[in-house]
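Dropping final.cif in here (mmCIF, C-alpha atoms):
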```
data_run
#
loop_
_atom_site.label_atom_id
_atom_site.label_comp_id
_atom_site.auth_asym_id
_atom_site.auth_seq_id
_atom_site.Cartn_x
_atom_site.Cartn_y
_atom_site.Cartn_z
CA MET A 29 -18.03 -6.76 11.52
CA GLY A 30 -19.34 -9.45 13.90
CA ALA A 31 -21.22 -11.26 11.14
CA GLU A 32 -18.17 -11.28 8.88
CA LEU A 33 -15.99 -12.67 11.66
CA SER A 34 -18.52 -15.40 12.48
CA ARG A 35 -18.65 -16.42 8.83
CA THR A 36 -14.87 -16.46 8.48
CA LEU A 37 -14.34 -18.47 11.68
CA LEU A 38 -16.91 -21.01 10.48
CA GLU A 39 -15.09 -21.33 7.15
CA ILE A 40 -11.76 -21.77 8.94
CA SER A 41 -13.24 -24.41 11.28
CA GLU A 42 -14.29 -26.50 8.27
CA ARG A 43 -10.79 -26.68 6.83
CA GLY A 44 -9.40 -30.19 6.82
CA ASP A 45 -5.94 -28.99 7.82
CA LEU A 46 -7.03 -26.76 10.70
CA ALA A 47 -5.36 -28.80 13.46
CA THR A 48 -2.06 -28.72 11.59
CA LEU A 49 -2.35 -25.01 10.84
CA LEU A 50 -2.95 -24.16 14.50
CA ARG A 51 0.11 -26.15 15.56
CA TYR A 52 2.35 -24.63 12.89
CA HIS A 53 4.94 -22.03 13.90
CA ARG A 54 4.46 -19.16 11.49
CA PHE A 55 7.97 -17.72 11.74
CA GLN A 56 7.94 -14.33 9.93
CA GLY A 57 4.51 -15.37 8.63
CA THR A 58 3.96 -18.03 5.99
CA ASP A 59 4.31 -17.14 2.32
CA SER A 60 0.51 -16.88 2.21
CA ASP A 61 0.49 -14.53 5.20
CA ARG A 62 3.13 -12.33 3.60
CA GLN A 63 1.38 -12.38 0.24
CA ALA A 64 -1.76 -11.12 2.00
CA GLY A 65 0.36 -8.45 3.66
CA ALA A 66 1.88 -7.43 0.33
CA ALA A 67 -1.60 -7.14 -1.19
CA TRP A 68 -2.71 -4.96 1.72
CA LEU A 69 0.37 -2.75 1.55
CA ALA A 70 -0.18 -2.30 -2.19
CA LYS A 71 -3.09 -0.01 -1.25
CA ARG A 72 -0.50 2.44 0.07
CA PHE A 73 2.45 1.67 -2.17
CA GLY A 74 0.67 1.37 -5.51
CA ALA A 75 2.23 -2.05 -6.08
CA ALA A 76 2.77 -5.06 -3.87
CA PRO A 77 6.26 -5.13 -2.31
CA SER A 78 8.32 -8.32 -2.41
CA ILE A 79 7.21 -10.73 0.31
CA GLY A 80 10.87 -11.32 1.14
CA ARG A 81 10.93 -7.84 2.66
CA ILE A 82 7.91 -8.50 4.91
CA ILE A 83 7.67 -9.91 8.42
CA VAL A 84 4.17 -10.54 9.76
CA THR A 85 4.02 -9.55 13.45
CA ASN A 86 1.59 -9.62 16.35
CA GLY A 87 0.58 -5.98 15.94
CA THR A 88 2.47 -2.78 15.23
CA GLN A 89 4.14 -2.60 18.65
CA SER A 90 5.64 -6.03 18.03
CA GLY A 91 6.99 -4.73 14.73
CA LEU A 92 8.41 -1.64 16.43
CA LEU A 93 10.14 -3.79 19.04
CA ILE A 94 11.84 -5.84 16.31
CA THR A 95 12.83 -2.64 14.52
CA LEU A 96 14.27 -0.85 17.54
CA VAL A 97 16.39 -3.84 18.50
CA ASN A 98 17.76 -4.16 14.98
CA VAL A 99 18.29 -0.57 13.86
CA VAL A 100 18.86 1.31 17.14
CA GLY A 101 20.08 -1.01 19.88
CA SER A 102 20.71 -0.62 23.59
CA GLY A 103 22.52 2.52 24.68
CA ASN A 104 21.92 4.42 21.45
CA VAL A 105 19.79 7.43 20.51
CA LEU A 106 16.40 7.41 18.78
CA LEU A 107 14.92 10.66 17.49
CA THR A 108 11.23 11.39 17.14
CA GLU A 109 8.94 14.38 16.81
CA SER A 110 8.70 16.54 19.95
CA LEU A 111 5.15 15.17 20.26
CA SER A 112 5.01 11.45 19.64
CA TYR A 113 3.29 8.16 20.42
CA TYR A 114 3.97 7.44 24.09
CA GLY A 115 4.00 3.64 23.54
CA LEU A 116 7.17 4.00 21.48
CA ARG A 117 8.98 5.59 24.42
CA ARG A 118 7.95 2.73 26.67
CA ILE A 119 9.43 0.19 24.25
CA ALA A 120 12.57 2.31 23.92
CA SER A 121 12.94 2.57 27.70
CA PHE A 122 12.63 -1.22 27.99
CA LEU A 123 15.48 -1.55 25.48
CA ASN A 124 17.66 1.13 27.16
CA ILE A 125 17.32 3.43 24.16
CA SER A 126 17.48 7.19 24.71
CA VAL A 127 14.64 9.10 22.97
CA LYS A 128 15.20 12.73 21.94
CA GLY A 129 12.55 14.99 20.42
CA ILE A 130 13.04 17.29 17.44
CA ALA A 131 11.04 20.40 16.59
CA MET A 132 7.84 20.23 14.57
CA ASP A 133 5.93 22.73 12.47
CA ASP A 134 2.58 22.56 10.70
CA ASP A 135 4.01 19.97 8.28
CA GLY A 136 5.46 17.66 10.92
CA ALA A 137 9.08 17.02 11.89
CA ALA A 138 11.38 19.84 10.75
CA PRO A 139 14.28 18.80 8.46
CA GLU A 140 16.55 21.50 9.92
CA ALA A 141 15.97 20.18 13.43
CA PHE A 142 16.61 16.63 12.21
CA GLU A 143 19.86 17.72 10.54
CA ASP A 144 21.01 19.50 13.70
CA ALA A 145 20.21 16.49 15.89
CA CYS A 146 22.09 14.19 13.53
CA ARG A 147 25.21 16.33 13.92
CA LYS A 148 24.96 16.70 17.70
CA LEU A 149 23.51 13.38 18.89
CA SER A 150 24.64 10.75 16.32
CA PRO A 151 21.25 9.01 16.38
CA LYS A 152 20.61 5.61 14.85
CA ALA A 153 17.05 6.28 13.72
CA LEU A 154 14.17 8.75 13.47
CA PHE A 155 10.64 7.54 14.33
CA LEU A 156 7.80 9.22 12.42
CA THR A 157 4.04 8.92 11.99
CA PRO A 158 3.68 10.99 8.80
CA THR A 159 -0.01 10.33 8.12
CA LEU A 160 -2.56 11.45 10.74
CA HIS A 161 0.20 12.00 13.26
CA ASN A 162 -0.54 10.94 16.82
CA PRO A 163 -1.53 13.18 18.58
CA THR A 164 -1.69 16.26 16.30
CA THR A 165 -3.38 14.64 13.23
CA ILE A 166 -0.83 16.37 10.91
CA THR A 167 -0.41 14.65 7.56
CA MET A 168 3.06 15.40 6.25
CA SER A 169 3.45 16.60 2.65
CA GLN A 170 5.35 14.55 0.09
CA GLU A 171 7.96 17.31 -0.10
CA ARG A 172 8.60 17.10 3.64
CA ARG A 173 8.85 13.31 3.50
CA LEU A 174 11.47 13.57 0.75
CA ALA A 175 13.41 16.24 2.65
CA LEU A 176 13.58 14.11 5.80
CA ALA A 177 14.64 11.07 3.78
CA ASP A 178 17.42 13.13 2.22
CA VAL A 179 18.76 14.11 5.65
CA ALA A 180 18.55 10.50 6.84
CA ARG A 181 20.46 9.26 3.81
CA ARG A 182 23.24 11.84 4.22
CA HIS A 183 23.79 10.96 7.87
CA GLY A 184 23.28 7.20 7.68
CA VAL A 185 20.18 7.34 9.88
CA VAL A 186 17.24 4.95 9.49
CA ILE A 187 13.67 6.28 9.33
CA ILE A 188 11.15 4.16 11.22
CA GLU A 189 7.74 4.87 9.71
CA ASP A 190 4.58 4.01 11.63
CA ASP A 191 1.74 4.08 9.09
CA VAL A 192 -0.96 2.68 11.33
CA TYR A 193 -3.43 5.38 10.18
CA GLY A 194 -2.20 5.48 6.58
CA LEU A 195 -5.26 3.93 4.94
CA LEU A 196 -7.87 6.01 6.77
CA PRO A 197 -7.63 9.04 4.43
CA PRO A 198 -8.88 8.19 0.92
CA GLU A 199 -5.84 10.08 -0.38
CA ALA A 200 -2.52 10.58 1.38
CA PRO A 201 1.04 11.16 0.18
CA PRO A 202 3.03 7.97 -0.47
CA PRO A 203 4.77 6.43 2.53
CA ILE A 204 8.36 7.47 3.09
CA SER A 205 9.15 3.80 2.54
CA ALA A 206 7.80 4.09 -1.00
CA LEU A 207 9.78 7.28 -1.65
CA ALA A 208 13.02 6.18 0.05
CA PRO A 209 12.94 2.39 0.62
CA ASP A 210 16.71 2.25 1.15
CA VAL A 211 16.56 4.16 4.46
CA THR A 212 13.13 3.20 5.82
CA TRP A 213 11.69 0.46 8.01
CA TYR A 214 7.91 0.60 7.71
CA ALA A 215 5.19 -0.79 9.99
CA ALA A 216 1.46 -0.89 9.27
CA GLY A 217 -1.06 -2.85 11.30
CA LEU A 218 -4.75 -3.61 10.97
CA ALA A 219 -5.64 -2.20 14.41
CA LYS A 220 -6.91 1.25 13.42
CA CYS A 221 -8.40 0.50 10.02
CA ILE A 222 -9.91 -2.97 10.74
CA GLY A 223 -9.89 -3.78 14.46
CA PRO A 224 -7.35 -3.86 17.31
CA GLY A 225 -8.31 -7.40 18.33
CA LEU A 226 -6.94 -8.87 15.11
CA LYS A 227 -3.33 -8.15 16.26
CA ILE A 228 -1.71 -8.35 12.84
CA ALA A 229 0.85 -5.97 11.39
CA TYR A 230 3.25 -5.99 8.46
CA LEU A 231 6.85 -4.87 8.93
CA LEU A 232 8.50 -3.91 5.65
CA MET A 233 12.29 -3.70 5.52
CA PRO A 234 14.61 -2.22 2.90
CA SER A 235 15.63 -5.68 1.63
CA ALA A 236 14.96 -9.40 2.01
CA GLN A 237 18.36 -9.77 3.67
CA ALA A 238 17.41 -7.20 6.28
CA GLY A 239 14.18 -9.08 6.91
CA THR A 240 15.90 -12.41 7.48
CA SER A 241 18.57 -11.05 9.81
CA ALA A 242 16.01 -8.96 11.72
CA PHE A 243 13.87 -11.93 12.63
CA ASP A 244 16.78 -14.25 13.45
CA ARG A 245 17.23 -12.38 16.73
CA PHE A 246 13.62 -13.04 17.75
CA HIS A 247 13.18 -16.69 16.92
CA THR A 248 12.54 -17.78 20.51
CA THR A 249 11.57 -14.57 22.25
CA SER A 250 8.38 -12.58 22.73
CA THR A 251 7.54 -12.27 19.03
CA TRP A 252 8.28 -15.91 18.25
CA HIS A 253 5.61 -16.19 15.57
CA VAL A 254 2.39 -14.53 14.56
CA THR A 255 -0.85 -15.91 16.03
CA PRO A 256 -2.14 -18.50 13.51
CA LEU A 257 -5.85 -17.78 13.88
CA SER A 258 -5.42 -14.02 13.47
CA ALA A 259 -3.19 -14.62 10.45
CA LEU A 260 -5.82 -16.87 8.86
CA VAL A 261 -8.59 -14.32 9.42
CA ALA A 262 -6.42 -11.54 7.96
CA GLN A 263 -5.59 -13.70 4.93
CA SER A 264 -9.24 -14.46 4.32
CA TRP A 265 -10.46 -10.88 4.74
CA ILE A 266 -7.81 -9.35 2.52
CA ALA A 267 -8.44 -11.95 -0.19
CA ASP A 268 -12.26 -11.79 -0.24
CA GLY A 269 -12.60 -8.02 0.15
CA THR A 270 -13.93 -8.02 3.71
CA ALA A 271 -10.93 -6.01 4.92
CA GLU A 272 -11.60 -3.33 2.30
CA LYS A 273 -15.29 -3.26 3.25
CA VAL A 274 -14.44 -2.82 6.94
CA LEU A 275 -11.85 -0.13 6.12
CA LEU A 276 -14.46 1.88 4.22
CA ALA A 277 -16.90 1.51 7.12
CA VAL A 278 -14.28 2.67 9.65
CA ARG A 279 -13.40 5.64 7.43
CA SER A 280 -17.08 6.59 7.08
CA GLU A 281 -17.61 6.29 10.83
CA ALA A 282 -14.57 8.47 11.54
CA VAL A 283 -15.92 11.18 9.21
CA ALA A 284 -19.33 11.07 10.90
CA ARG A 285 -17.78 11.34 14.35
CA GLN A 286 -15.56 14.24 13.33
CA GLU A 287 -18.68 16.01 12.08
CA MET A 288 -20.33 15.43 15.46
CA ALA A 289 -17.30 16.92 17.21
CA ALA A 290 -17.28 19.91 14.87
CA ARG A 291 -20.91 20.66 15.74
CA SER A 292 -20.26 20.30 19.48
CA PHE A 293 -16.95 22.20 19.55
CA ILE A 294 -17.93 25.08 17.29
CA HIS A 295 -16.27 27.66 19.58
CA ALA A 296 -13.26 25.50 20.51
CA THR A 297 -9.78 25.56 18.98
CA TYR A 298 -8.50 22.18 17.83
CA ARG A 299 -6.65 20.40 15.06
CA SER A 300 -8.03 17.38 13.24
CA LYS A 301 -8.68 15.72 9.87
CA PRO A 302 -11.97 14.36 8.52
CA GLU A 303 -10.88 10.70 8.74
CA SER A 304 -8.94 10.95 12.01
CA LEU A 305 -10.04 8.88 14.99
CA HIS A 306 -8.96 11.62 17.42
CA LEU A 307 -8.55 15.38 17.66
CA TRP A 308 -5.97 17.64 19.31
CA LEU A 309 -7.65 20.26 21.46
CA ALA A 310 -5.95 23.52 22.46
CA LEU A 311 -7.06 24.18 26.03
CA PRO A 312 -8.92 27.36 26.91
CA ARG A 313 -6.87 29.74 29.06
CA ARG A 314 -8.64 28.89 32.30
CA TRP A 315 -7.45 25.27 32.26
CA THR A 316 -4.24 23.41 32.98
CA GLN A 317 -3.89 19.95 31.49
CA ARG A 318 -4.35 18.36 34.91
CA SER A 319 -7.40 20.42 35.85
CA PHE A 320 -9.08 19.78 32.49
CA VAL A 321 -8.49 16.02 32.68
CA ALA A 322 -9.94 16.03 36.20
CA ALA A 323 -12.97 18.10 35.18
CA ALA A 324 -13.62 15.84 32.20
CA ALA A 325 -13.38 12.77 34.42
CA GLU A 326 -15.85 14.34 36.86
CA ALA A 327 -18.17 14.79 33.89
CA GLY A 328 -17.76 11.10 33.05
CA VAL A 329 -15.32 11.47 30.13
CA LEU A 330 -11.76 10.16 29.95
CA VAL A 331 -9.32 12.24 27.86
CA GLN A 332 -5.54 12.09 27.43
CA SER A 333 -3.25 14.84 28.62
CA GLY A 334 -0.90 16.35 26.05
CA SER A 335 1.99 15.67 28.40
CA MET A 336 1.64 11.96 27.63
CA PHE A 337 2.86 12.68 24.10
CA ALA A 338 5.58 15.22 24.90
CA VAL A 339 9.09 13.82 24.69
CA ASP A 340 10.15 16.65 27.00
CA GLU A 341 7.36 17.10 29.52
CA ASP A 342 8.76 20.47 30.61
CA THR A 343 7.75 21.90 27.22
CA SER A 344 4.47 20.04 26.93
CA PRO A 345 1.85 22.00 24.95
CA LYS A 346 -1.34 23.10 26.63
CA ALA A 347 -3.44 20.59 24.72
CA ILE A 348 -5.49 17.44 25.13
CA ARG A 349 -6.08 14.46 22.83
CA ILE A 350 -9.73 13.45 22.55
CA VAL A 351 -10.32 10.01 21.05
CA LEU A 352 -13.54 10.02 19.06
CA GLY A 353 -13.23 6.38 18.06
CA SER A 354 -13.38 4.94 21.60
CA PRO A 355 -17.12 5.19 22.42
CA GLU A 356 -18.98 2.11 21.25
CA THR A 357 -21.80 4.05 19.59
CA ARG A 358 -22.45 7.51 18.19
CA ALA A 359 -25.02 7.98 20.93
CA SER A 360 -22.33 7.40 23.57
CA LEU A 361 -20.01 9.78 21.75
CA GLY A 362 -22.76 12.38 21.62
CA GLU A 363 -23.21 12.15 25.39
CA ALA A 364 -19.46 12.57 25.92
CA LEU A 365 -19.26 15.56 23.58
CA THR A 366 -22.21 17.18 25.30
CA ALA A 367 -20.47 16.72 28.66
CA LEU A 368 -17.25 18.26 27.30
CA ARG A 369 -18.86 21.18 25.46
CA PRO A 370 -18.98 23.62 28.42
CA LEU A 371 -15.34 22.76 29.24
CA VAL A 372 -13.80 23.31 25.81
CA HIS A 373 -15.33 26.62 24.76
CA GLU A 374 -13.20 29.72 25.26
CA ASN A 375 -16.18 32.01 25.81
CA ILE A 376 -17.92 30.10 28.57
#
```
Let me see whether you can do it: turn the structure in this file into structure tokens.
Amino acid sequence: MGAELSRTLLEISERGDLATLLRYHRFQGTDSDRQAGAAWLAKRFGAAPSIGRIIVTNGTQSGLLITLVNVVGSGNVLLTESLSYYGLRRIASFLNISVKGIAMDDDGAAPEAFEDACRKLSPKALFLTPTLHNPTTITMSQERRLALADVARRHGVVIIEDDVYGLLPPEAPPPISALAPDVTWYAAGLAKCIGPGLKIAYLLMPSAQAGTSAFDRFHTTSTWHVTPLSALVAQSWIADGTAEKVLLAVRSEAVARQEMAARSFIHATYRSKPESLHLWLALPRRWTQRSFVAAAAEAGVLVQSGSMFAVDEDTSPKAIRIVLGSPETRASLGEALTALRPLVHENI
């Protein structure tokens, strides 16, 4: 990817309007930025959504911040799966939003639990990662997505869909936003499928009106406008096919790394998917989360305790997330897996 970035930066540097472009405030993203975003989202939606519904943000967390302020608000309740992305809870805490977990099964968030929470807690929104869920790697079926959307619609609750991993599987059910656009705010960044340093994400709202009013509250705050240079690189890569090329390379690398883990963890119990960048390891009986994390660190490997993802830490599962995408090379990953092998096997 380094060669592609060097080429693109050289092309950008030769533009006659570069000085003006770098001084320009790209509120919500320019039309060109949003057209690039619409073209990228078309890979998941089957057709490009209207650019009026898109805000270009400085990464997915920026998009989630905008969304939580607009659809939840201070003092209100946000639902999420009982295991969920810990960064979301940090943003919610900053905004004085109460986060409550709902039960999950092997297909993700349970509609019955969602319905019950809607009746008892009067939430404003439900946050979901339906494709390659973090941390469990569950990919929710289309039927489950429709069922959750139906509950949301009946109770006037917004679904906030984080699709950051959505393009890693070659085939995945349509986003909830494609199935139920009227009740869904959708965020998808380039961090996991292209590179985290690009810091570009696309926030898709139910309507152009929702998009305009959402951004009005952020005109002069932390998400004032998307970084011009990142936006230009994203535009160029989406238009010339570089982004697609990098996506395919990331997907192929994820598959290769999952195969390495499968060979190393042959006697371990874990959940994963071929294109996932992480796996969810069920701990052998002899370990607690804390003792396993400490033993892994002593072996030179950093892993993430399952309690980080539990909305209610008192009911945290005895599991660990292992990020296969973090090591720079397969050789480094191989060393880490070798170090973890005697720790993860039940029969050792």
So how many Å separate atom CA of Ala141 of chain A and atom CA of His306 of chain A, to one decimal?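 So the answer is 26.7 Å.
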If the PyMOL selection byres ((chain A and resi 346-358) around 10) is run on the structure shown, which residues does it catch, given as JSON, numbers by chain? {"A": [162, 163, 164, 165, 220, 278, 281, 282, 284, 285, 286, 288, 289, 297, 298, 299, 304, 305, 306, 307, 308, 309, 310, 311, 312, 313, 315, 316, 317, 318, 320, 321, 329, 330, 331, 332, 333, 334, 335, 336, 337, 343, 344, 345, 359, 360, 361, 362, 363, 364, 365]}
Given 8 Å on each side, where is the centre and what are the edge lengths in Å to one decimal of the axis-aligned box enclosing the listed atoms of segment 145-158 of chain A, as AutoDock Vina command-line options?
```
--center_x 14.4 --center_y 11.2 --center_z 13.8 --size_x 37.5 --size_y 27.1 --size_z 26.1
```
Please indicate the distance in Å from atom CA of Arg314 of chain A to atom CA of Ala367 of chain A, rounded to one decimal place. 17.4 Å
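Against this structure, the PyMOL selection byres ((chain A and resi 177) around 9) ends up with A:Arg172, A:Arg173, A:Leu174, A:Ala175, A:Leu176, A:Asp178, A:Val179, A:Ala180, A:Arg181, A:Arg182, A:Val186, A:Ile187, A:Ile204, A:Leu207, A:Ala208, A:Val211, A:Thr212.
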Taking all atoms listed in the file into account, which of A:Ile94, A:Cys221, A:Ile125, A:Leu37 comes nearest Arg279 of chain A?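 Residue with the minimum atom-to-atom distance to Arg279 of chain A: A:Cys221.
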Starting from the PyMOL selection byres ((chain A and resi 122) around 12), expand the selection into actual residues of this file and give them as a PDB file with C-alpha atoms, in the frame of the given file.
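Produced file part-v4.pdb, reproduced below:
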```pdb
ATOM      1  CA  LEU A  93      10.140  -3.790  19.040  1.00  0.00           C
ATOM      2  CA  LEU A  96      14.270  -0.850  17.540  1.00  0.00           C
ATOM      3  CA  VAL A  97      16.390  -3.840  18.500  1.00  0.00           C
ATOM      4  CA  GLY A 101      20.080  -1.010  19.880  1.00  0.00           C
ATOM      5  CA  SER A 102      20.710  -0.620  23.590  1.00  0.00           C
ATOM      6  CA  GLY A 103      22.520   2.520  24.680  1.00  0.00           C
ATOM      7  CA  GLY A 115       4.000   3.640  23.540  1.00  0.00           C
ATOM      8  CA  LEU A 116       7.170   4.000  21.480  1.00  0.00           C
ATOM      9  CA  ARG A 117       8.980   5.590  24.420  1.00  0.00           C
ATOM     10  CA  ARG A 118       7.950   2.730  26.670  1.00  0.00           C
ATOM     11  CA  ILE A 119       9.430   0.190  24.250  1.00  0.00           C
ATOM     12  CA  ALA A 120      12.570   2.310  23.920  1.00  0.00           C
ATOM     13  CA  SER A 121      12.940   2.570  27.700  1.00  0.00           C
ATOM     14  CA  LEU A 123      15.480  -1.550  25.480  1.00  0.00           C
ATOM     15  CA  ASN A 124      17.660   1.130  27.160  1.00  0.00           C
ATOM     16  CA  ILE A 125      17.320   3.430  24.160  1.00  0.00           C
ATOM     17  CA  SER A 126      17.480   7.190  24.710  1.00  0.00           C
ATOM     18  CA  VAL A 127      14.640   9.100  22.970  1.00  0.00           C
TER      19      VAL A 127
END
```
Within 9 Å of segment 193-197 of chain A using only C-alpha atoms, minus same-chain residues under 3 positions, as a PDB file with C-alpha atoms, in the coordinates of the input:
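Output below, filename part.pdb:
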```pdb
ATOM      1  CA  LYS A  71      -3.090  -0.010  -1.250  1.00  0.00           C
ATOM      2  CA  ARG A  72      -0.500   2.440   0.070  1.00  0.00           C
ATOM      3  CA  THR A 157       4.040   8.920  11.990  1.00  0.00           C
ATOM      4  CA  PRO A 158       3.680  10.990   8.800  1.00  0.00           C
ATOM      5  CA  THR A 159      -0.010  10.330   8.120  1.00  0.00           C
ATOM      6  CA  LEU A 160      -2.560  11.450  10.740  1.00  0.00           C
ATOM      7  CA  HIS A 161       0.200  12.000  13.260  1.00  0.00           C
ATOM      8  CA  ASP A 190       4.580   4.010  11.630  1.00  0.00           C
ATOM      9  CA  ALA A 200      -2.520  10.580   1.380  1.00  0.00           C
ATOM     10  CA  PRO A 203       4.770   6.430   2.530  1.00  0.00           C
ATOM     11  CA  ALA A 216       1.460  -0.890   9.270  1.00  0.00           C
ATOM     12  CA  GLY A 217      -1.060  -2.850  11.300  1.00  0.00           C
ATOM     13  CA  ALA A 219      -5.640  -2.200  14.410  1.00  0.00           C
ATOM     14  CA  LYS A 220      -6.910   1.250  13.420  1.00  0.00           C
ATOM     15  CA  CYS A 221      -8.400   0.500  10.020  1.00  0.00           C
ATOM     16  CA  LEU A 275     -11.850  -0.130   6.120  1.00  0.00           C
ATOM     17  CA  LEU A 276     -14.460   1.880   4.220  1.00  0.00           C
ATOM     18  CA  VAL A 278     -14.280   2.670   9.650  1.00  0.00           C
ATOM     19  CA  ARG A 279     -13.400   5.640   7.430  1.00  0.00           C
ATOM     20  CA  ALA A 282     -14.570   8.470  11.540  1.00  0.00           C
ATOM     21  CA  LYS A 301      -8.680  15.720   9.870  1.00  0.00           C
ATOM     22  CA  PRO A 302     -11.970  14.360   8.520  1.00  0.00           C
ATOM     23  CA  GLU A 303     -10.880  10.700   8.740  1.00  0.00           C
ATOM     24  CA  SER A 304      -8.940  10.950  12.010  1.00  0.00           C
ATOM     25  CA  LEU A 305     -10.040   8.880  14.990  1.00  0.00           C
TER      26      LEU A 305
END
```
Distance criterion (only C-alpha atoms): nearest to Pro139 of chain A out of A:Ala323, A:Arg291, A:Glu109, A:Tyr114: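 Selected residue with least distance to Pro139 of chain A: A:Glu109.
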So how far away is atom CA of Ile228 of chain A from atom CA of Val261 of chain A, in Å?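 Going from atom CA of Val261 of chain A over to atom CA of Ile228 of chain A covers 9.7 Å.
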Can you pull out the residues contacting segment 83-86 of chain A? Cut-off 10 Å, using all atoms listed in the file, and skip same-chain residues under 6 positions away; I want them as a count of residues only. 36
Could you list as a PyMOL selection string every residue that has an atom within 12 Å of (22.7, 15.4, 18.1), using the file's coordinates and counting only C-alpha atoms? chain A and resi 104-107+126-130+140-154+183+185
With all atoms listed in the file as the basis for distance, which of A:Leu156, A:Ser169, A:Asp340, A:Arg43 is at the shortest distance from Asp135 of chain A?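 Going through A:Leu156, A:Ser169, A:Asp340, A:Arg43 one by one, the smallest distance to Asp135 of chain A is for A:Ser169.
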Between A:Met168, A:Val339, A:Leu257, A:Leu371, which one has atoms that come closest to Ala324 of chain A, using only C-alpha atoms?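 With only C-alpha atoms as the atom set, the closest residue is A:Leu371.
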Nearest-residue call for Glu341 of chain A, choices A:Leu368, A:Ala76, A:Leu111, A:Leu38, using only C-alpha atoms: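 Checking each of A:Leu368, A:Ala76, A:Leu111, A:Leu38 against Glu341 of chain A, counting only C-alpha atoms, the winner is A:Leu111.
Proximity ranking of A:Pro198, A:Pro370, A:Pro77, A:Gly91 relative to Glu272 of chain A places A:Pro198 first, based on all atoms listed in the file.
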Extract segment 74-88 of chain A from the structure I just pasted (atoms: N, CA and C atoms) and return it as a compact mmCIF listing (two decimals), in the first residue's frame.
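So the final result, stored in selection-v7.txt, reads:
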```txt
# COMPACT_ATOMS: atom_id res chain seq x y z
N GLY A 74 -25.64 -2.24 -2.99
CA GLY A 74 -26.09 -2.64 -4.32
C GLY A 74 -26.30 -1.47 -5.25
N ALA A 75 -26.52 -0.29 -4.71
CA ALA A 75 -26.68 0.94 -5.49
C ALA A 75 -26.19 2.09 -4.62
N ALA A 76 -25.72 3.13 -5.27
CA ALA A 76 -25.18 4.26 -4.52
C ALA A 76 -26.30 5.06 -3.87
N PRO A 77 -26.24 5.28 -2.56
CA PRO A 77 -27.25 6.11 -1.91
C PRO A 77 -27.09 7.58 -2.30
N SER A 78 -28.13 8.35 -2.12
CA SER A 78 -28.09 9.78 -2.40
C SER A 78 -27.03 10.46 -1.56
N ILE A 79 -26.23 11.33 -2.17
CA ILE A 79 -25.15 11.98 -1.42
C ILE A 79 -25.72 12.95 -0.38
N GLY A 80 -26.97 13.36 -0.54
CA GLY A 80 -27.59 14.22 0.45
C GLY A 80 -27.74 13.56 1.80
N ARG A 81 -27.73 12.24 1.81
CA ARG A 81 -27.88 11.47 3.07
C ARG A 81 -26.53 11.18 3.72
N ILE A 82 -25.43 11.61 3.12
CA ILE A 82 -24.09 11.23 3.58
C ILE A 82 -23.36 12.41 4.20
N ILE A 83 -22.75 12.16 5.36
CA ILE A 83 -21.77 13.07 5.94
C ILE A 83 -20.44 12.33 5.95
N VAL A 84 -19.39 12.98 5.46
CA VAL A 84 -18.05 12.40 5.51
C VAL A 84 -17.41 12.84 6.83
N THR A 85 -16.91 11.90 7.61
CA THR A 85 -16.39 12.19 8.95
C THR A 85 -14.96 11.71 9.09
N ASN A 86 -14.32 12.20 10.16
CA ASN A 86 -12.95 11.80 10.47
C ASN A 86 -12.94 10.46 11.20
N GLY A 87 -13.33 9.41 10.51
CA GLY A 87 -13.35 8.08 11.09
C GLY A 87 -14.71 7.71 11.65
N THR A 88 -14.88 6.41 11.92
CA THR A 88 -16.17 5.90 12.39
C THR A 88 -16.54 6.46 13.76
```
